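Note: the block below is my_file-v7.tsv and it holds TSV, C-alpha atoms and all ligand atoms.
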chain	number	residue	atom	x	y	z
B	1	MET	CA	-35.58	165.66	-61.73
B	2	THR	CA	-32.97	167.32	-59.54
B	3	ARG	CA	-33.37	167.43	-55.78
B	4	GLU	CA	-32.04	169.83	-53.17
B	5	LEU	CA	-32.30	169.48	-49.40
B	6	ARG	CA	-31.76	172.44	-47.10
B	7	VAL	CA	-31.91	172.10	-43.33
B	8	LEU	CA	-32.67	175.48	-41.73
B	9	ASP	CA	-32.07	176.26	-38.08
B	10	ASP	CA	-35.67	177.17	-37.25
B	11	GLU	CA	-39.03	178.19	-38.72
B	12	ALA	CA	-37.95	181.81	-39.18
B	13	ALA	CA	-34.97	180.70	-41.27
B	14	LEU	CA	-37.28	178.33	-43.16
B	15	ALA	CA	-39.64	181.22	-43.96
B	16	ARG	CA	-36.73	183.31	-45.25
B	17	ALA	CA	-35.48	180.47	-47.41
B	18	ALA	CA	-38.97	179.96	-48.86
B	19	ALA	CA	-39.38	183.67	-49.55
B	20	GLU	CA	-36.01	183.67	-51.37
B	21	VAL	CA	-37.10	180.69	-53.50
B	22	PHE	CA	-40.36	182.46	-54.37
B	23	ARG	CA	-38.62	185.77	-55.20
B	24	ASP	CA	-35.90	184.14	-57.31
B	25	ALA	CA	-38.37	181.94	-59.20
B	26	ALA	CA	-40.65	184.92	-59.85
B	27	ARG	CA	-37.84	187.08	-61.19
B	28	ALA	CA	-36.47	184.31	-63.40
B	29	ALA	CA	-39.88	183.44	-64.86
B	30	VAL	CA	-40.86	187.05	-65.55
B	31	THR	CA	-37.48	187.72	-67.14
B	32	ALA	CA	-37.83	184.63	-69.34
B	33	ARG	CA	-41.54	184.75	-70.21
B	34	GLY	CA	-43.10	187.86	-68.75
B	35	THR	CA	-45.20	185.92	-66.26
B	36	PHE	CA	-44.86	183.75	-63.13
B	37	ALA	CA	-47.35	181.01	-62.32
B	38	VAL	CA	-47.16	179.80	-58.73
B	39	ALA	CA	-49.32	177.41	-56.72
B	40	LEU	CA	-49.52	178.20	-53.01
B	41	ALA	CA	-49.63	175.63	-50.24
B	42	GLY	CA	-52.18	175.63	-47.48
B	43	GLY	CA	-51.93	174.70	-43.83
B	44	ARG	CA	-49.96	176.53	-41.16
B	45	THR	CA	-46.29	176.22	-42.18
B	46	PRO	CA	-46.19	178.53	-45.22
B	47	ARG	CA	-47.98	181.41	-43.48
B	48	ALA	CA	-44.76	182.94	-42.12
B	49	ALA	CA	-43.18	182.87	-45.58
B	50	TYR	CA	-46.28	184.54	-47.08
B	51	ALA	CA	-46.15	187.28	-44.43
B	52	LEU	CA	-42.46	187.81	-45.16
B	53	LEU	CA	-43.18	188.16	-48.89
B	54	ALA	CA	-45.73	190.85	-48.11
B	55	ASP	CA	-43.49	192.70	-45.63
B	56	ALA	CA	-42.23	195.95	-47.19
B	57	ALA	CA	-39.31	195.95	-44.74
B	58	ALA	CA	-38.06	192.55	-45.97
B	59	PRO	CA	-35.99	192.11	-49.20
B	60	TYR	CA	-38.66	190.29	-51.17
B	61	ARG	CA	-41.84	192.31	-51.83
B	62	ALA	CA	-40.21	195.14	-53.78
B	63	ALA	CA	-38.19	192.66	-55.87
B	64	ILE	CA	-41.25	190.78	-57.13
B	65	PRO	CA	-43.26	192.05	-60.16
B	66	TRP	CA	-46.64	191.30	-58.54
B	67	GLU	CA	-48.66	192.42	-61.55
B	68	ARG	CA	-47.03	189.55	-63.50
B	69	VAL	CA	-47.71	186.90	-60.83
B	70	GLN	CA	-50.50	184.37	-61.45
B	71	VAL	CA	-51.53	182.60	-58.23
B	72	TRP	CA	-52.96	179.09	-58.09
B	73	PHE	CA	-53.53	176.72	-55.17
B	74	GLY	CA	-52.33	173.17	-54.58
B	75	ASP	CA	-55.55	172.39	-52.76
B	76	GLU	CA	-58.46	173.94	-50.96
B	77	ARG	CA	-60.86	172.75	-48.34
B	78	ALA	CA	-64.49	172.55	-49.52
B	79	VAL	CA	-65.59	175.45	-47.36
B	80	PRO	CA	-66.72	179.01	-48.16
B	81	GLY	CA	-63.94	181.52	-48.83
B	82	GLY	CA	-64.51	183.26	-45.51
B	83	ASP	CA	-64.19	180.05	-43.49
B	84	PRO	CA	-61.10	180.14	-41.22
B	85	ARG	CA	-60.18	176.66	-42.50
B	86	SER	CA	-59.89	177.92	-46.10
B	87	ASN	CA	-56.39	177.84	-47.62
B	88	VAL	CA	-57.40	180.63	-50.00
B	89	ARG	CA	-58.45	182.78	-47.06
B	90	MET	CA	-55.14	182.15	-45.28
B	91	ALA	CA	-53.20	183.14	-48.41
B	92	ARG	CA	-55.31	186.27	-48.88
B	93	GLU	CA	-54.83	187.36	-45.26
B	94	ALA	CA	-51.09	186.61	-45.09
B	95	LEU	CA	-50.09	187.69	-48.60
B	96	LEU	CA	-52.55	188.44	-51.40
B	97	ALA	CA	-54.43	191.28	-49.69
B	98	ARG	CA	-51.10	192.92	-48.81
B	99	VAL	CA	-49.36	193.02	-52.22
B	100	PRO	CA	-50.39	194.76	-55.50
B	101	ILE	CA	-51.50	191.62	-57.30
B	102	PRO	CA	-54.57	192.08	-59.55
B	103	GLU	CA	-57.57	190.07	-58.38
B	104	ALA	CA	-57.85	188.61	-61.89
B	105	ASN	CA	-54.47	186.97	-61.26
B	106	VAL	CA	-55.78	184.97	-58.29
B	107	HIS	CA	-57.22	181.66	-59.47
B	108	ALA	CA	-58.99	180.42	-56.37
B	109	VAL	CA	-60.67	177.06	-56.01
B	110	GLU	CA	-64.37	177.76	-55.47
B	111	GLY	CA	-64.62	175.97	-52.15
B	112	ALA	CA	-68.21	177.01	-51.56
B	113	LEU	CA	-69.42	174.96	-54.55
B	114	PRO	CA	-70.19	171.25	-54.37
B	115	PRO	CA	-66.69	169.66	-54.39
B	116	GLU	CA	-67.11	167.79	-57.66
B	117	GLU	CA	-68.20	170.99	-59.42
B	118	ALA	CA	-65.39	173.01	-57.82
B	119	ALA	CA	-62.89	170.37	-58.98
B	120	ARG	CA	-64.33	170.35	-62.51
B	121	ARG	CA	-64.03	174.12	-62.76
B	122	TYR	CA	-60.50	174.13	-61.35
B	123	ASP	CA	-59.49	171.38	-63.77
B	124	ALA	CA	-60.84	173.48	-66.65
B	125	ALA	CA	-58.98	176.59	-65.43
B	126	LEU	CA	-55.71	174.65	-65.21
B	127	ARG	CA	-56.24	173.20	-68.68
B	128	ALA	CA	-56.80	176.70	-70.07
B	129	LEU	CA	-53.40	177.65	-68.65
B	130	ALA	CA	-51.69	174.73	-70.38
B	131	SER	CA	-50.27	175.62	-73.77
B	132	GLY	CA	-50.85	172.41	-75.69
B	133	GLY	CA	-49.85	169.87	-73.04
B	134	ALA	CA	-52.41	168.23	-70.77
B	135	ALA	CA	-51.01	169.87	-67.64
B	136	PRO	CA	-49.67	173.44	-67.35
B	137	ARG	CA	-46.03	173.91	-66.44
B	138	LEU	CA	-46.27	175.91	-63.24
B	139	ASP	CA	-43.07	177.81	-62.49
B	140	LEU	CA	-43.22	177.05	-58.79
B	141	VAL	CA	-45.42	174.88	-56.60
B	142	LEU	CA	-45.21	175.30	-52.82
B	143	LEU	CA	-46.23	172.22	-50.87
B	144	GLY	CA	-46.46	171.16	-47.26
B	145	LEU	CA	-46.05	167.72	-45.74
B	146	GLY	CA	-48.49	166.06	-43.38
B	147	ALA	CA	-47.38	163.81	-40.54
B	148	ASP	CA	-48.76	160.88	-42.59
B	149	GLY	CA	-46.79	161.92	-45.67
B	150	HIS	CA	-49.67	163.60	-47.50
B	151	THR	CA	-49.12	166.67	-49.59
B	152	ALA	CA	-51.69	169.07	-50.99
B	153	SER	CA	-54.75	166.89	-50.33
B	154	LEU	CA	-53.21	163.73	-51.73
B	155	PHE	CA	-53.43	161.34	-48.81
B	156	PRO	CA	-52.00	157.82	-48.39
B	157	GLY	CA	-54.18	155.20	-50.05
B	158	SER	CA	-56.25	157.75	-51.94
B	159	ALA	CA	-57.54	156.87	-55.40
B	160	ALA	CA	-56.53	160.41	-56.39
B	161	LEU	CA	-52.90	159.24	-56.36
B	162	ALA	CA	-53.64	157.10	-59.42
B	163	GLU	CA	-55.37	159.90	-61.34
B	164	ARG	CA	-53.50	160.55	-64.58
B	165	GLU	CA	-56.08	162.48	-66.63
B	166	ARG	CA	-57.86	165.01	-64.46
B	167	LEU	CA	-55.74	167.90	-63.14
B	168	ALA	CA	-57.94	168.51	-60.10
B	169	VAL	CA	-60.26	166.18	-58.21
B	170	ALA	CA	-62.54	166.21	-55.19
B	171	VAL	CA	-61.38	163.94	-52.37
B	172	GLU	CA	-62.57	162.90	-48.96
B	173	ALA	CA	-59.62	163.35	-46.63
B	174	PRO	CA	-58.99	161.58	-43.31
B	175	ALA	CA	-58.57	165.02	-41.78
B	176	GLU	CA	-60.73	167.99	-40.87
B	177	PRO	CA	-62.40	169.26	-42.94
B	178	PRO	CA	-62.80	166.05	-44.94
B	179	HIS	CA	-64.08	167.38	-48.27
B	180	ARG	CA	-61.34	168.96	-50.37
B	181	ILE	CA	-60.23	169.76	-53.90
B	182	THR	CA	-56.65	168.93	-54.83
B	183	VAL	CA	-54.39	169.07	-57.84
B	184	THR	CA	-53.27	165.66	-58.99
B	185	LEU	CA	-49.80	164.24	-59.61
B	186	PRO	CA	-49.81	165.14	-63.34
B	187	VAL	CA	-49.85	168.83	-62.37
B	188	LEU	CA	-46.97	168.35	-59.94
B	189	ALA	CA	-45.03	166.25	-62.48
B	190	ALA	CA	-45.23	169.08	-65.02
B	191	ALA	CA	-43.93	171.77	-62.62
B	192	ALA	CA	-40.61	173.51	-63.20
B	193	GLU	CA	-39.94	173.75	-59.47
B	194	ILE	CA	-41.46	172.27	-56.35
B	195	ALA	CA	-40.60	173.57	-52.87
B	196	PHE	CA	-41.67	171.57	-49.83
B	197	LEU	CA	-41.85	173.55	-46.60
B	198	VAL	CA	-41.56	171.20	-43.61
B	199	ALA	CA	-41.28	172.22	-39.96
B	200	GLY	CA	-41.55	170.52	-36.61
B	201	GLU	CA	-40.61	167.28	-34.93
B	202	GLY	CA	-44.04	165.86	-35.77
B	203	LYS	CA	-43.03	165.66	-39.44
B	204	ARG	CA	-39.75	163.80	-38.82
B	205	ALA	CA	-40.98	160.29	-39.68
B	206	ALA	CA	-42.91	161.44	-42.76
B	207	LEU	CA	-39.91	163.46	-43.97
B	208	ALA	CA	-37.55	160.52	-43.59
B	209	ARG	CA	-39.92	158.36	-45.66
B	210	ALA	CA	-40.44	161.08	-48.26
B	211	LEU	CA	-36.68	161.49	-48.70
B	212	ALA	CA	-36.00	157.77	-49.06
B	213	PRO	CA	-38.80	156.30	-51.21
B	214	GLU	CA	-36.49	153.75	-52.79
B	215	ARG	CA	-36.54	151.79	-49.54
B	216	ASP	CA	-40.31	152.13	-49.11
B	217	PRO	CA	-42.74	149.47	-50.45
B	218	ASP	CA	-45.51	152.06	-50.34
B	219	PRO	CA	-44.01	155.51	-50.83
B	220	VAL	CA	-45.88	158.32	-49.11
B	221	PRO	CA	-47.73	160.74	-51.43
B	222	ALA	CA	-45.05	163.45	-51.03
B	223	ALA	CA	-42.45	160.98	-52.33
B	224	ARG	CA	-44.49	160.56	-55.51
B	225	VAL	CA	-44.07	164.22	-56.44
B	226	ARG	CA	-41.49	163.85	-59.20
B	227	PRO	CA	-41.31	166.67	-61.77
B	228	ARG	CA	-40.31	165.16	-65.12
B	229	ASP	CA	-38.10	168.12	-65.96
B	230	GLY	CA	-37.87	170.12	-62.79
B	231	THR	CA	-36.35	170.66	-59.38
B	232	VAL	CA	-37.63	169.57	-55.98
B	233	ARG	CA	-36.35	171.62	-53.07
B	234	TRP	CA	-36.89	170.34	-49.55
B	235	LEU	CA	-36.79	173.28	-47.13
B	236	VAL	CA	-36.93	171.73	-43.68
B	237	ASP	CA	-36.19	172.99	-40.21
B	238	ARG	CA	-33.86	171.20	-37.82
B	239	ALA	CA	-36.78	169.96	-35.71
B	240	ALA	CA	-38.20	168.08	-38.70
B	241	ALA	CA	-34.81	166.91	-39.94
B	242	GLY	CA	-33.64	165.47	-36.65
B	243	GLY	CA	-30.05	164.34	-36.42
B	244	ALA	CA	-30.18	162.12	-39.49
B	245	LEU	CA	-29.90	164.85	-42.08
B	246	PRO	CA	-26.82	167.04	-42.60
B	247	ALA	CA	-27.40	170.76	-42.11
B	248	ARG	CA	-26.95	172.90	-45.22
B	301	LIG	C1	-53.82	171.60	-46.29
B	301	LIG	C2	-52.50	171.47	-47.00
B	301	LIG	C3	-51.77	170.29	-46.45
B	301	LIG	C4	-50.69	170.86	-45.55
B	301	LIG	C5	-50.07	169.78	-44.70
B	301	LIG	C6	-49.09	170.41	-43.69
B	301	LIG	O1	-54.83	171.92	-46.92
B	301	LIG	O2	-53.80	171.43	-45.05
B	301	LIG	O3	-52.62	171.44	-48.33
B	301	LIG	O4	-51.16	169.47	-47.42
B	301	LIG	O5	-49.68	171.46	-46.38
B	301	LIG	O6	-51.12	169.15	-44.00
B	301	LIG	O7	-49.84	171.31	-42.92
B	301	LIG	P1	-49.14	172.23	-41.80
B	301	LIG	O8	-48.25	173.19	-42.53
B	301	LIG	O9	-50.30	172.92	-41.13
B	301	LIG	O10	-48.37	171.31	-40.88
Will you turn the file into structure tokens for me?
Ligand code: 6PG
Amino acid sequence: MTRELRVLDDEAALARAAAEVFRDAARAAVTARGTFAVALAGGRTPRAAYALLADAAAPYRAAIPWERVQVWFGDERAVPGGDPRSNVRMAREALLARVPIPEANVHAVEGALPPEEAARRYDAALRALASGGAAPRLDLVLLGLGADGHTASLFPGSAALAERERLAVAVEAPAEPPHRITVTLPVLAAAAEIAFLVAGEGKRAALARALAPERDPDPVPAARVRPRDGTVRWLVDRAAAGGALPAR
């Protein structure tokens, strides 16, 4: 695993950096294999990057072969697709409805189903993507970071952190809404590239822990995201980095 840390001046710079990572990963994957499999993050932070990717006036949209992009999700809340708390809805509004990506390329978690059934179906869809191995090698996974160090819907102390067989599970999160479906660490360990998008002073403590797991008796979930043969990029704004991290 190789790791890169970039401290951006503000959230707008963070969004640009994330859009560049997405564009470059998409172009490299399509050039190499004719397709680009990406898992999107939920929450608030990535929304600006998604909007930038969809913006025809920005240098990203036209450079991305959208018909070759396969979209997955790191997690989804167990709510109907039209619910404002849905990560899939946020991604559709900010990005997917605004770019020429075929609907068949969007592999949404079925949040309206009972969570265990939604997780079973998502696990099966991810397995179908894998060519031989247990977990598919996603070209890029975008992730956020919670103030408690969670990522996707892998929360501290969750049994889902120990899951090594299933690729997606239903969890009960200590956050609203509580019922969620999340990919598990085997999916993240198989990824070619992971990009964490972290903004705001509220994430400072969690980020410090996530960046220094060797000194932590109980590493936060985000620190356990370790691609076997991949790159982890930390794209953080100055507010989250504080003074402890060098700007890059
Ligand atoms: C979710 C996300 C979650 C999110 C973090 C950070 O469903 O909420 O998967 O892991 O990325 O909680 O969220 P913000 O970007 O809103 O701070």
Enumerate as an mmCIF file with C-alpha atoms, in the frame of the given file the residues within 6 Å of ligand LIG 301 (chain B), counting only C-alpha atoms and all ligand atoms.
data_model
loop_
_atom_site.group_PDB
_atom_site.id
_atom_site.type_symbol
_atom_site.label_atom_id
_atom_site.label_comp_id
_atom_site.auth_asym_id
_atom_site.auth_seq_id
_atom_site.Cartn_x
_atom_site.Cartn_y
_atom_site.Cartn_z
ATOM 1 C CA ALA B 41 -49.630 175.630 -50.240
ATOM 2 C CA GLY B 42 -52.180 175.630 -47.480
ATOM 3 C CA GLY B 43 -51.930 174.700 -43.830
ATOM 4 C CA ARG B 44 -49.960 176.530 -41.160
ATOM 5 C CA THR B 45 -46.290 176.220 -42.180
ATOM 6 C CA ASP B 75 -55.550 172.390 -52.760
ATOM 7 C CA GLU B 76 -58.460 173.940 -50.960
ATOM 8 C CA LEU B 143 -46.230 172.220 -50.870
ATOM 9 C CA GLY B 144 -46.460 171.160 -47.260
ATOM 10 C CA LEU B 145 -46.050 167.720 -45.740
ATOM 11 C CA GLY B 146 -48.490 166.060 -43.380
ATOM 12 C CA THR B 151 -49.120 166.670 -49.590
ATOM 13 C CA ALA B 152 -51.690 169.070 -50.990
ATOM 14 C CA SER B 153 -54.750 166.890 -50.330
#
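Shortest separation to Val69 (chain B) among B:Arg98, B:Gly82, B:Ala91, B:Val106 occurs at residue B:Val106, atoms counted being only C-alpha atoms.
CA of Asp139 (chain B) to CA of Ala39 (chain B) spans 8.5 Å [interatomic distance, one decimal].
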Which residues come within 7 Å of Ser86 (chain B), counting only C-alpha atoms, excluding same-chain residues fewer than 5 positions away, as a PyMOL selection string?
chain B and resi 76-77+79+81
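Among B:Leu188, B:Gly149, B:Ala28, B:Arg180, the residue with the shortest atom-to-atom distance to Ala208 (chain B), counting only C-alpha atoms, is B:Gly149.
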What lies within 9 Å of region 127-138 of chain B using all atoms listed in the file, ignoring chain neighbours under 5 positions off, as a list in words?
Phe36, Ala37, Val38, Ala39, Tyr122, Glu165, Arg166, Leu167, Pro186, Val187, Leu188, Ala189, Ala190, Ala191, Ala192 and Glu193 of chain B
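Relative to CA of Glu110 (chain B), CA of Val88 (chain B) is found at 9.3 Å.
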